[in-house]
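Quick look at model.cif (mmCIF, C-alpha atoms and all ligand atoms):
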data_structure
#
loop_
_atom_site.label_atom_id
_atom_site.label_comp_id
_atom_site.auth_asym_id
_atom_site.auth_seq_id
_atom_site.Cartn_x
_atom_site.Cartn_y
_atom_site.Cartn_z
CA MET A 17 0.00 0.00 0.00
CA SER A 18 1.39 3.41 -0.96
CA VAL A 19 1.89 6.30 1.50
CA LYS A 20 -0.86 8.19 -0.31
CA GLU A 21 -3.28 5.27 0.18
CA THR A 22 -2.33 4.84 3.84
CA LEU A 23 -2.86 8.56 4.55
CA GLY A 24 -6.15 8.42 2.62
CA GLY A 25 -7.31 5.50 4.79
CA VAL A 26 -6.36 7.26 8.02
CA TYR A 27 -8.10 10.47 6.90
CA LYS A 28 -11.24 8.54 5.96
CA GLY A 29 -11.25 6.80 9.33
CA LEU A 30 -11.02 10.17 11.13
CA VAL A 31 -13.76 11.74 9.01
CA SER A 32 -15.99 8.75 9.62
CA LEU A 33 -15.75 9.34 13.41
CA PHE A 34 -17.71 12.58 12.93
CA VAL A 35 -20.40 11.16 10.66
CA LYS A 36 -23.71 10.62 12.43
CA ASP A 37 -24.71 6.98 12.57
CA ALA A 38 -28.25 5.67 12.16
CA GLU A 39 -30.00 2.51 13.23
CA ILE A 40 -31.46 0.35 10.52
CA ASP A 41 -34.25 -2.20 10.65
CA MET A 42 -32.68 -5.46 9.50
CA ASP A 43 -36.14 -6.79 8.55
CA ASN A 44 -36.69 -4.04 5.99
CA ILE A 45 -33.47 -3.87 4.01
CA PRO A 46 -33.91 -2.59 0.43
CA LYS A 47 -33.55 -5.47 -2.01
CA HIS A 48 -32.04 -3.37 -4.76
CA ILE A 49 -29.96 -0.22 -4.39
CA GLY A 50 -28.62 1.95 -7.21
CA ILE A 51 -25.62 4.22 -6.64
CA ILE A 52 -24.30 7.09 -8.76
CA MET A 53 -20.67 7.08 -7.64
CA ASP A 54 -20.19 10.81 -8.12
CA GLY A 55 -17.61 13.28 -6.83
CA ASN A 56 -14.37 11.39 -7.46
CA GLY A 57 -12.91 14.33 -9.40
CA ARG A 58 -13.84 16.91 -6.74
CA TRP A 59 -12.56 14.66 -3.97
CA ALA A 60 -9.18 14.53 -5.73
CA ARG A 61 -9.11 18.27 -6.48
CA HIS A 62 -9.80 19.17 -2.83
CA ARG A 63 -6.67 17.20 -1.93
CA GLY A 64 -4.46 18.47 -4.74
CA LEU A 65 -4.52 15.02 -6.36
CA LYS A 66 -5.18 13.91 -9.93
CA ARG A 67 -8.71 12.96 -11.04
CA SER A 68 -7.41 9.44 -11.60
CA ASP A 69 -6.55 9.24 -7.88
CA GLY A 70 -10.18 10.08 -7.17
CA HIS A 71 -11.40 7.24 -9.39
CA ARG A 72 -9.01 4.81 -7.74
CA ALA A 73 -10.23 5.89 -4.30
CA GLY A 74 -13.82 5.51 -5.60
CA ALA A 75 -13.11 1.94 -6.67
CA LYS A 76 -11.87 1.18 -3.12
CA THR A 77 -15.06 2.63 -1.66
CA LEU A 78 -17.06 0.42 -3.99
CA GLU A 79 -15.28 -2.69 -2.69
CA MET A 80 -16.07 -1.73 0.88
CA ILE A 81 -19.69 -0.83 0.19
CA THR A 82 -20.32 -4.00 -1.85
CA ASP A 83 -18.99 -5.99 1.06
CA TYR A 84 -21.19 -4.12 3.53
CA CYS A 85 -24.30 -4.51 1.36
CA GLY A 86 -23.65 -8.25 1.23
CA LYS A 87 -23.39 -8.36 5.03
CA ILE A 88 -26.69 -6.61 5.68
CA GLY A 89 -28.60 -8.54 3.02
CA VAL A 90 -28.96 -6.15 0.07
CA LYS A 91 -29.51 -8.58 -2.81
CA TYR A 92 -28.76 -6.29 -5.76
CA LEU A 93 -26.46 -3.31 -6.05
CA THR A 94 -26.29 -1.40 -9.34
CA VAL A 95 -23.50 1.16 -9.65
CA TYR A 96 -22.89 3.77 -12.32
CA ALA A 97 -19.25 3.40 -13.36
CA PHE A 98 -19.30 4.99 -16.82
CA SER A 99 -22.15 6.60 -18.72
CA THR A 100 -22.74 6.78 -22.47
CA GLU A 101 -21.91 10.50 -22.07
CA ASN A 102 -18.60 9.96 -20.23
CA TRP A 103 -16.76 9.40 -23.56
CA LYS A 104 -16.69 13.22 -23.77
CA ARG A 105 -14.01 13.28 -21.04
CA PRO A 106 -10.31 13.58 -21.91
CA LYS A 107 -8.98 10.34 -23.44
CA GLU A 108 -6.46 9.99 -20.63
CA GLU A 109 -9.25 9.90 -18.02
CA VAL A 110 -11.43 7.53 -20.07
CA ASP A 111 -8.47 5.17 -20.51
CA TYR A 112 -7.73 5.34 -16.81
CA ILE A 113 -11.30 4.39 -15.83
CA MET A 114 -11.35 1.52 -18.36
CA ASN A 115 -8.01 0.21 -17.05
CA LEU A 116 -9.26 0.54 -13.50
CA LEU A 117 -12.31 -1.51 -14.39
CA TYR A 118 -10.11 -4.13 -15.99
CA GLU A 119 -7.94 -4.24 -12.88
CA TYR A 120 -10.99 -4.36 -10.63
CA LEU A 121 -12.53 -7.24 -12.58
CA SER A 122 -9.20 -9.07 -12.70
CA ASN A 123 -8.96 -8.87 -8.92
CA MET A 124 -12.52 -10.00 -8.40
CA GLU A 125 -11.59 -13.43 -7.23
CA LYS A 126 -9.21 -11.97 -4.69
CA LEU A 127 -11.49 -9.13 -3.68
CA ILE A 128 -14.72 -10.96 -3.20
CA GLY A 129 -13.72 -14.59 -3.00
CA GLY A 130 -15.76 -15.91 -0.13
CA ARG A 131 -18.14 -13.01 -0.42
CA ASP A 132 -20.16 -15.03 -2.88
CA CYS A 133 -20.90 -12.00 -5.04
CA ARG A 134 -22.22 -12.29 -8.59
CA ILE A 135 -20.89 -9.72 -11.05
CA ARG A 136 -22.80 -8.44 -14.07
CA VAL A 137 -21.83 -5.60 -16.35
CA ILE A 138 -24.76 -3.74 -17.88
CA GLY A 139 -24.67 -1.31 -20.81
CA ASP A 140 -23.57 -1.26 -24.43
CA ARG A 141 -20.42 -3.35 -24.89
CA ASN A 142 -19.86 -2.44 -28.54
CA GLN A 143 -17.63 0.57 -27.88
CA ILE A 144 -15.40 -0.96 -25.25
CA SER A 145 -12.09 -2.69 -26.00
CA ASP A 146 -11.95 -6.41 -26.86
CA THR A 147 -9.68 -7.04 -23.86
CA LEU A 148 -12.13 -5.48 -21.40
CA ARG A 149 -15.10 -7.18 -23.07
CA GLU A 150 -13.39 -10.59 -22.75
CA LYS A 151 -12.58 -9.92 -19.10
CA ILE A 152 -16.23 -9.01 -18.44
CA ILE A 153 -17.44 -12.25 -20.02
CA GLU A 154 -14.89 -14.23 -18.00
CA VAL A 155 -15.90 -12.66 -14.66
CA GLU A 156 -19.63 -12.94 -15.36
CA GLU A 157 -19.18 -16.61 -16.25
CA TYR A 158 -16.96 -17.24 -13.23
CA THR A 159 -19.41 -15.70 -10.75
CA LYS A 160 -22.75 -16.58 -12.34
CA GLU A 161 -23.59 -19.58 -10.12
CA ARG A 162 -22.99 -17.62 -6.92
CA THR A 163 -26.01 -17.15 -4.73
CA GLY A 164 -24.90 -14.05 -2.81
CA PRO A 165 -25.64 -10.43 -3.78
CA THR A 166 -25.42 -9.31 -7.40
CA LEU A 167 -23.26 -6.32 -8.30
CA ASN A 168 -24.39 -4.77 -11.59
CA ILE A 169 -21.68 -2.47 -12.92
CA ALA A 170 -23.19 0.02 -15.36
CA LEU A 171 -20.57 0.61 -18.04
CA ASN A 172 -21.21 2.63 -21.18
CA TYR A 173 -24.73 2.71 -19.78
CA GLY A 174 -27.52 5.17 -20.52
CA GLY A 175 -31.11 4.83 -19.32
CA ARG A 176 -32.57 6.18 -22.57
CA SER A 177 -30.50 3.83 -24.75
CA GLU A 178 -31.57 0.95 -22.52
CA ILE A 179 -35.25 1.80 -23.11
CA ILE A 180 -34.70 2.19 -26.87
CA ARG A 181 -32.91 -1.15 -26.97
CA ALA A 182 -35.81 -2.81 -25.12
CA ALA A 183 -38.37 -1.18 -27.47
CA LYS A 184 -36.47 -2.49 -30.49
CA ILE A 185 -36.37 -6.04 -29.10
CA ALA A 186 -40.12 -5.86 -28.41
CA ALA A 187 -40.83 -4.53 -31.93
CA GLU A 188 -38.64 -7.24 -33.47
CA ASN A 189 -40.47 -9.91 -31.48
CA VAL A 190 -43.84 -8.62 -32.70
CA LYS A 191 -42.55 -8.51 -36.27
CA ASN A 192 -41.30 -12.12 -36.04
CA GLY A 193 -44.60 -13.25 -34.52
CA LYS A 194 -42.94 -14.30 -31.23
CA ILE A 195 -45.35 -12.11 -29.29
CA ASN A 196 -48.52 -10.10 -30.00
CA LEU A 197 -48.67 -6.34 -29.70
CA GLU A 198 -51.02 -6.80 -26.71
CA ASP A 199 -48.27 -8.76 -24.87
CA ILE A 200 -46.25 -5.59 -24.49
CA ASP A 201 -46.96 -4.38 -20.98
CA GLU A 202 -44.86 -3.04 -18.07
CA ASN A 203 -43.77 -6.51 -16.96
CA TYR A 204 -42.70 -7.44 -20.44
CA MET A 205 -40.74 -4.21 -20.91
CA SER A 206 -39.10 -4.65 -17.49
CA SER A 207 -37.96 -8.11 -18.53
CA LEU A 208 -36.17 -6.56 -21.54
CA MET A 209 -34.13 -4.11 -19.47
CA TYR A 210 -30.56 -5.09 -18.54
CA THR A 211 -31.90 -5.64 -15.02
CA GLY A 212 -34.67 -7.97 -16.27
CA GLY A 213 -35.59 -10.57 -13.66
CA GLU A 214 -34.17 -8.47 -10.81
CA PRO A 215 -36.36 -6.73 -8.22
CA GLU A 216 -37.39 -3.09 -8.62
CA VAL A 217 -34.78 -0.55 -7.55
CA ASP A 218 -35.92 0.50 -4.05
CA LEU A 219 -33.36 3.17 -3.31
CA ILE A 220 -31.12 5.39 -5.41
CA ILE A 221 -28.15 7.07 -3.75
CA ARG A 222 -26.27 10.01 -5.22
CA PRO A 223 -23.46 11.57 -3.26
CA SER A 224 -21.51 14.74 -4.18
CA GLY A 225 -24.32 17.29 -3.93
CA GLU A 226 -25.83 16.91 -7.40
CA LEU A 227 -29.61 16.48 -7.45
CA ARG A 228 -30.19 14.73 -10.74
CA LEU A 229 -30.39 11.23 -12.23
CA SER A 230 -28.00 11.74 -15.17
CA ASN A 231 -29.66 9.07 -17.33
CA PHE A 232 -29.29 6.36 -14.66
CA LEU A 233 -31.91 3.58 -14.37
CA LEU A 234 -34.68 5.71 -15.90
CA TRP A 235 -37.11 2.82 -16.32
CA GLN A 236 -36.25 1.17 -13.01
CA CYS A 237 -36.55 4.30 -10.84
CA ALA A 238 -40.32 4.77 -11.31
CA TYR A 239 -41.01 4.07 -7.61
CA SER A 240 -37.52 4.34 -6.13
CA GLU A 241 -36.80 6.44 -3.09
CA PHE A 242 -33.89 8.87 -3.42
CA TRP A 243 -31.11 9.81 -1.03
CA PHE A 244 -28.76 12.66 -1.85
CA SER A 245 -25.74 13.82 0.12
CA ASN A 246 -22.91 16.33 -0.21
CA ILE A 247 -20.26 13.76 0.56
CA CYS A 248 -17.98 12.81 -2.36
CA TRP A 249 -18.10 9.12 -3.28
CA PRO A 250 -14.56 8.25 -2.09
CA ASP A 251 -15.54 9.52 1.41
CA PHE A 252 -18.76 7.48 1.49
CA THR A 253 -18.78 5.03 4.41
CA GLU A 254 -20.95 2.32 5.93
CA LYS A 255 -22.41 5.04 8.15
CA HIS A 256 -23.65 6.95 5.10
CA MET A 257 -25.18 3.75 3.81
CA ARG A 258 -26.98 3.28 7.12
CA GLN A 259 -28.20 6.89 7.01
CA ALA A 260 -29.58 6.34 3.51
CA ILE A 261 -31.25 3.05 4.43
CA ALA A 262 -32.71 4.51 7.65
CA ARG A 263 -34.25 7.37 5.62
CA TYR A 264 -35.63 4.87 3.12
CA GLN A 265 -37.15 2.86 5.95
CA ASN A 266 -38.87 5.97 7.35
CA ARG A 267 -40.60 6.75 4.10
CA ASN A 268 -44.14 5.72 3.37
CA ARG A 269 -43.99 3.89 0.04
CA ARG A 270 -47.48 4.02 -1.43
CA PHE A 271 -46.70 3.08 -5.05
CA GLY A 272 -49.44 5.44 -6.20
CA GLY A 273 -51.99 4.20 -3.64
CA VAL A 274 -53.18 6.00 -0.50
C1 LIG B 301 -18.14 10.38 -11.32
O1 LIG B 301 -17.28 11.28 -10.63
C2 LIG B 301 -17.46 9.11 -11.45
C3 LIG B 301 -17.21 8.46 -12.62
C4 LIG B 301 -17.61 8.97 -13.94
C5 LIG B 301 -16.46 7.19 -12.63
C6 LIG B 301 -16.85 6.24 -11.55
C7 LIG B 301 -15.79 5.23 -11.46
C8 LIG B 301 -15.33 4.66 -10.34
C9 LIG B 301 -15.89 4.85 -8.99
C10 LIG B 301 -14.17 3.76 -10.36
C11 LIG B 301 -14.22 2.65 -11.33
C12 LIG B 301 -15.33 1.73 -11.10
C13 LIG B 301 -15.18 0.44 -10.86
C14 LIG B 301 -16.37 -0.46 -10.91
C15 LIG B 301 -13.88 -0.15 -10.55
P1 LIG B 301 -16.71 12.54 -11.41
O2 LIG B 301 -15.44 12.16 -12.06
O3 LIG B 301 -17.76 13.05 -12.35
O4 LIG B 301 -16.47 13.53 -10.23
P2 LIG B 301 -16.67 15.11 -10.28
O5 LIG B 301 -18.12 15.35 -10.59
O6 LIG B 301 -16.30 15.52 -8.90
O7 LIG B 301 -15.73 15.64 -11.32
#
Transcribe the structure of this file into structure tokens.
Amino acid sequence: MSVKETLGGVYKGLVSLFVKDAEIDMDNIPKHIGIIMDGNGRWARHRGLKRSDGHRAGAKTLEMITDYCGKIGVKYLTVYAFSTENWKRPKEEVDYIMNLLYEYLSNMEKLIGGRDCRIRVIGDRNQISDTLREKIIEVEEYTKERTGPTLNIALNYGGRSEIIRAAKIAAENVKNGKINLEDIDENYMSSLMYTGGEPEVDLIIRPSGELRLSNFLLWQCAYSEFWFSNICWPDFTEKHMRQAIARYQNRNRRFGGV
């Protein structure tokens, strides 16, 4: 571990001491949580570091939070790692994030061996490199029989493209006579999303102070609860997760009823 990483860990530990904790009801844990891992760049800038350092610190936080979610019984965690719009960033940063993902996936066995976590990568794989695509297939295959929590990593993902893709599959299936037009309903469309077969997204978390969805899980968020915070993603801790879950548990989810 580098000096920078050690200092980062110590700092995070100190900061965490001052974060208010919250009690959570273990009988009402959200089944599916979505996280927009935002604020890596700002976190790095505030410390005079490079943006890439922020992404690396963000990847560490993801490891810790995935582990924690597994412990408390969250069954599905979907994280936004790279959006269809993120290609607009400088090539150096894009390459860094892609390499980090490759490294992360390569270490999966080491990182979550024994944690029984299933990895899926959702999004359009056409634009990503062959090497990364092959690694994704390998890790998905390797972890697919696991029965623990599922980590969906959204990569080159956009909610609108996902809906368009689903609409095209549905149209194709009608054209080929596989289904009738009347078969297209909400359940059918849900099954065509990347998250098809998974429970509804109960809670969406966005740190870093931004109050928007940025094209994340547009179909799936119809009845999600939201939790926003000013903390940057690399500083996000188990305590923040408990705060978010406690808030979720205090809300009255009516799903359009009374
Ligand atoms: C948003 O912060 C973050 C991203 C676009 C990348 C997220 C990537 C990671 C957490 C690491 C890689 C992921 C895995 C699965 C290993 P930002 O850069 O927009 O921050 P800013 O808004 O402060 O500039």
Using only C-alpha atoms and all ligand atoms, find each protein or nucleic acid residue lying at most 10 Å from ligand LIG 301 (chain B); present the set as a PDB file with C-alpha atoms, in the frame of the given file.
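pocket-v4.pdb written:
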ATOM      1  CA  ILE A  52     -24.300   7.090  -8.760  1.00  0.00           C
ATOM      2  CA  MET A  53     -20.670   7.080  -7.640  1.00  0.00           C
ATOM      3  CA  ASP A  54     -20.190  10.810  -8.120  1.00  0.00           C
ATOM      4  CA  GLY A  55     -17.610  13.280  -6.830  1.00  0.00           C
ATOM      5  CA  ASN A  56     -14.370  11.390  -7.460  1.00  0.00           C
ATOM      6  CA  GLY A  57     -12.910  14.330  -9.400  1.00  0.00           C
ATOM      7  CA  ARG A  58     -13.840  16.910  -6.740  1.00  0.00           C
ATOM      8  CA  TRP A  59     -12.560  14.660  -3.970  1.00  0.00           C
ATOM      9  CA  ALA A  60      -9.180  14.530  -5.730  1.00  0.00           C
ATOM     10  CA  ARG A  61      -9.110  18.270  -6.480  1.00  0.00           C
ATOM     11  CA  HIS A  62      -9.800  19.170  -2.830  1.00  0.00           C
ATOM     12  CA  ARG A  67      -8.710  12.960 -11.040  1.00  0.00           C
ATOM     13  CA  SER A  68      -7.410   9.440 -11.600  1.00  0.00           C
ATOM     14  CA  ASP A  69      -6.550   9.240  -7.880  1.00  0.00           C
ATOM     15  CA  GLY A  70     -10.180  10.080  -7.170  1.00  0.00           C
ATOM     16  CA  HIS A  71     -11.400   7.240  -9.390  1.00  0.00           C
ATOM     17  CA  ARG A  72      -9.010   4.810  -7.740  1.00  0.00           C
ATOM     18  CA  ALA A  73     -10.230   5.890  -4.300  1.00  0.00           C
ATOM     19  CA  GLY A  74     -13.820   5.510  -5.600  1.00  0.00           C
ATOM     20  CA  ALA A  75     -13.110   1.940  -6.670  1.00  0.00           C
ATOM     21  CA  LYS A  76     -11.870   1.180  -3.120  1.00  0.00           C
ATOM     22  CA  THR A  77     -15.060   2.630  -1.660  1.00  0.00           C
ATOM     23  CA  LEU A  78     -17.060   0.420  -3.990  1.00  0.00           C
ATOM     24  CA  GLU A  79     -15.280  -2.690  -2.690  1.00  0.00           C
ATOM     25  CA  VAL A  95     -23.500   1.160  -9.650  1.00  0.00           C
ATOM     26  CA  TYR A  96     -22.890   3.770 -12.320  1.00  0.00           C
ATOM     27  CA  ALA A  97     -19.250   3.400 -13.360  1.00  0.00           C
ATOM     28  CA  PHE A  98     -19.300   4.990 -16.820  1.00  0.00           C
ATOM     29  CA  SER A  99     -22.150   6.600 -18.720  1.00  0.00           C
ATOM     30  CA  GLU A 101     -21.910  10.500 -22.070  1.00  0.00           C
ATOM     31  CA  ASN A 102     -18.600   9.960 -20.230  1.00  0.00           C
ATOM     32  CA  TRP A 103     -16.760   9.400 -23.560  1.00  0.00           C
ATOM     33  CA  ARG A 105     -14.010  13.280 -21.040  1.00  0.00           C
ATOM     34  CA  GLU A 109      -9.250   9.900 -18.020  1.00  0.00           C
ATOM     35  CA  VAL A 110     -11.430   7.530 -20.070  1.00  0.00           C
ATOM     36  CA  TYR A 112      -7.730   5.340 -16.810  1.00  0.00           C
ATOM     37  CA  ILE A 113     -11.300   4.390 -15.830  1.00  0.00           C
ATOM     38  CA  MET A 114     -11.350   1.520 -18.360  1.00  0.00           C
ATOM     39  CA  ASN A 115      -8.010   0.210 -17.050  1.00  0.00           C
ATOM     40  CA  LEU A 116      -9.260   0.540 -13.500  1.00  0.00           C
ATOM     41  CA  LEU A 117     -12.310  -1.510 -14.390  1.00  0.00           C
ATOM     42  CA  TYR A 118     -10.110  -4.130 -15.990  1.00  0.00           C
ATOM     43  CA  GLU A 119      -7.940  -4.240 -12.880  1.00  0.00           C
ATOM     44  CA  TYR A 120     -10.990  -4.360 -10.630  1.00  0.00           C
ATOM     45  CA  LEU A 121     -12.530  -7.240 -12.580  1.00  0.00           C
ATOM     46  CA  VAL A 137     -21.830  -5.600 -16.350  1.00  0.00           C
ATOM     47  CA  LEU A 167     -23.260  -6.320  -8.300  1.00  0.00           C
ATOM     48  CA  ASN A 168     -24.390  -4.770 -11.590  1.00  0.00           C
ATOM     49  CA  ILE A 169     -21.680  -2.470 -12.920  1.00  0.00           C
ATOM     50  CA  ALA A 170     -23.190   0.020 -15.360  1.00  0.00           C
ATOM     51  CA  LEU A 171     -20.570   0.610 -18.040  1.00  0.00           C
ATOM     52  CA  PRO A 223     -23.460  11.570  -3.260  1.00  0.00           C
ATOM     53  CA  SER A 224     -21.510  14.740  -4.180  1.00  0.00           C
ATOM     54  CA  GLY A 225     -24.320  17.290  -3.930  1.00  0.00           C
ATOM     55  CA  GLU A 226     -25.830  16.910  -7.400  1.00  0.00           C
ATOM     56  CA  CYS A 248     -17.980  12.810  -2.360  1.00  0.00           C
ATOM     57  CA  TRP A 249     -18.100   9.120  -3.280  1.00  0.00           C
ATOM     58  CA  PRO A 250     -14.560   8.250  -2.090  1.00  0.00           C
TER      59      PRO A 250
END
Under the rule of at most 10 Å, produce a per-residue listing of stretch 223-250 of chain A near stretch 40-50 of chain A: chain, number, name, the closest pair of atoms, and the distance in Å, as a tab-separated table, using all atoms listed in the file.
residue	atom	partner	partner_atom	distance
A:Phe232	CA	A:Gly50	CA	8.7
A:Leu233	CA	A:Gly50	CA	8.0
A:Gln236	CA	A:Gly50	CA	9.6
A:Cys237	CA	A:Gly50	CA	9.0
A:Ser240	CA	A:Ile49	CA	9.0
A:Glu241	CA	A:Ile49	CA	9.6
A:Phe242	CA	A:Gly50	CA	9.5
Please produce a file of those selected residues containing C-alpha atoms, as an mmCIF file, in the coordinates of the input.
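Here's the written file again.cif:
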data_model
loop_
_atom_site.group_PDB
_atom_site.id
_atom_site.type_symbol
_atom_site.label_atom_id
_atom_site.label_comp_id
_atom_site.auth_asym_id
_atom_site.auth_seq_id
_atom_site.Cartn_x
_atom_site.Cartn_y
_atom_site.Cartn_z
ATOM 1 C CA PHE A 232 -29.290 6.360 -14.660
ATOM 2 C CA LEU A 233 -31.910 3.580 -14.370
ATOM 3 C CA GLN A 236 -36.250 1.170 -13.010
ATOM 4 C CA CYS A 237 -36.550 4.300 -10.840
ATOM 5 C CA SER A 240 -37.520 4.340 -6.130
ATOM 6 C CA GLU A 241 -36.800 6.440 -3.090
ATOM 7 C CA PHE A 242 -33.890 8.870 -3.420
#
Subject >> For stretch 179-187 of chain A: contacts at 8 Å, only C-alpha atoms, fewer than 6 positions along chain excluded, given as an NGL selection string >> reply: :A and (200 or 205 or 208-209 or 235)
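Going from atom CA of A:Ile81 to atom CA of A:Arg63 covers 22.3 Å.
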Subject >> Selection as a count of residues only: residues within 12 Å of (-30.1, -9.1, -1.7), counting all atoms listed in the file >> reply: 32
Subject >> Separation of atom CA of A:Arg222 from atom CA of A:Ile51, in Å and rounded to one decimal >> reply: 6.0 Å
Subject >> Point-to-point distance from atom CA of A:Tyr264 to atom CA of A:Ile138, Å rounded to tenths >> reply: 25.2 Å
Original post:
Neighbours of A:Glu150 within 12 Å (only C-alpha atoms; same-chain residues fewer than 3 positions away dropped), as a PyMOL selection string?
Top reply: chain A and resi 118+121-122+137+141-142+144-147+153-157
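Restricting the calculation to all atoms listed in the file, the smallest distance between A:Asn231 and any of A:Thr159, A:Thr100, A:Asn189, A:Asn196 is found for A:Thr100.
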Subject >> Among listed residues A:Leu148, A:Val35, A:Ile135, A:Met80, nearest A:Ile247 (using all atoms listed in the file) >> reply: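 Looking only at the distances to A:Ile247, the closest residue turns out to be A:Val35.
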**OP:** Rank nothing, just name the residue among A:Arg136, A:Lys191, A:Leu33, A:Ala38 nearest to A:Gln259, using all atoms listed in the file.
**Re:**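 Closest to A:Gln259 of all the choices is A:Ala38.
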Original post:
Which of these residues is nearest to A:Glu178, using only C-alpha atoms: A:Tyr210, A:Tyr204, A:Tyr239, A:Phe34?
Top reply: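 Answer, going by the shortest atom-to-atom distance: A:Tyr210.
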